[in-house]
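**Q** Encoded as structure tokens, here's the structure I'll be asking about.
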Amino acid sequence: MKIGYPCINWSIGCKGDRTFRLKSYSEEKLIETVENNLNCLEKMLEYNFKNNILFFRITSDLIPFASHPICKFDWQDYFKDKFQDIGRHILKYNMRISMHPDQFIVLNSKSRKVVERSIAELYYHSEVLDLMKLKNDSKIQLHIGGRYDDKNKSISRFIDEFKRLDDKIKNRLVIENDDHIYNLNDCLILSEKIDIPVLFDNFHHLIYNNNEDIRNCYKFVNETWNDEDGIPMIDYSSQKPGSKIGSHAENIDLLDFKNFIEKTEPFNFDIMLEIKNKEKSALKAIEIIKNDVRFEKRQ
DNA sequence: TCACGTCAAGCAGAT
DNA sequence: ATCTGCTTGACGTGA
């Protein structure tokens, strides 16, 4: 059971998601920015290793405009050695990596242009993981997409597009339940059809579910991940007190987290904390697991 | 140095 | 119609 946080570390004064405006695009600027981003990524991973945080989500902004037509630069080749170096560290540290393309990536869009752009962006994500030579247990997590007033047709479009994807994307893609269109049940049904792992998001599930027995959920989710995929990844968050339903907490709610871990027994997962203060909450979560003998066997 | 308008990209739901 | 949230502010021009 690895604990992680997404994309940004607030403690080390360096973030790996620096970008710039399309208008100011130049190769020099791209190289300079990516150099910074990769160096910061390295530092964040070092910090994580020292603190036993062995799960991390790499930002989609690592290579700005990587999938945009304006980018003709062969960043894959230029940064090949650096990527390999980072990848070697990840493997040596026994870390797990995920990525999460942002809201513009909609594989089941009704617009062909949006679908093509989405595929290009997914390709970029898989290139990053491939350049680091990470195994297929490093995943790219995506929601199923839009509803467009017809869920069945929209799911069919997802299936059609998925089947046409390059194997290197297919081998890394996992689907995540969202909090208002496609819930866990939808993901499990789709998973059965195209054999794709389901990444369970407990907070989305809390907001949007089918009143399932939670232990059954973990059981079914668990079955969608095979040996090559690694143990299942889970996104964990809790409600920000006093805020709109669905707002992610600033700080980890230790009682809720403990409760959550207890309920997932006996399954083993890697847990991504979608909590705003990032590494601070990860450190607390790791303490909880370390100090509870019941959780020992699942480490 | 700082204020502030704007930023590659989609979609749904609230106002 | 327009705004907001999503995983998250921050780029960069103009004064």
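FYI, nothing fancy with the structure tokens labels: chains A, B, ... in order, residues from 1 per chain, ligands from 1 as they appear.
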Write out as a PyMOL selection string every residue belonging to chain A that has an atom at most 9 Å from any atom of chain B, counting only C-alpha atoms (C1' of nucleotides).

**A** chain A and resi 20-22+65+68+103-106+109+114+117-118+145-147+180-181

**Q** List as number ranges by chain the protein and nucleic acid residues near A:Lys72, meaning an atom at most 12 Å away when only C-alpha atoms (C1' of nucleotides) are counted, but skip any in the same chain fewer than 6 places from it.

**A** A: 25-27, 30, 65-66

**Q** Would you please give, as a list in words, all residues of stretch 38-271 of chain A that DSSP assigns to strand (DSSP E) based on the backbone?

**A** Phe55, Phe56, Arg57, Ile58, Arg96, Ile97, Ser98, Met99, Lys139, Ile140, Gln141, Leu142, Leu173, Val174, Ile175, Glu176, Val198, Leu199, Phe200, Asp201, Met233, Ile234, Asp235, Tyr236, Asp270 and Ile271 of chain A

**Q** Could you pull out the alpha helix (DSSP H) residues of stretch 74-249 of chain A, going by DSSP on the backbone, and write them as an MDAnalysis selection string?

**A** chainID A and resid 75:78 80:92 112:131 151:164 167:170 184:194 202:207 214:223

**Q** Can you work out which residues from chain C touch chain A at a cut-off of 10 Å (counting only C-alpha atoms (C1' of nucleotides)) and hand them back as a PyMOL selection string?

**A** chain C and resi 5-8+10-12

**Q** Calculated over only C-alpha atoms, which of the candidates A:Ile169, A:Ile175, A:Ile207, A:Ile289 has the smallest distance to A:Lys244?

**A**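 Distance minimum relative to A:Lys244 lands on A:Ile207.
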
**Q** Do you know which residues are at most 12 Å from A:Ser126 counting only C-alpha atoms (C1' of nucleotides), after dropping those on the same chain fewer than 6 positions away, and could you put them as JSON, numbers by chain?

**A** {"A": [58, 60, 66, 67, 76, 97, 98, 99, 100, 101, 119, 120, 132, 133, 134, 135, 136, 137, 138, 139, 140, 141, 165, 166, 167, 168, 169, 170, 171, 172, 173]}
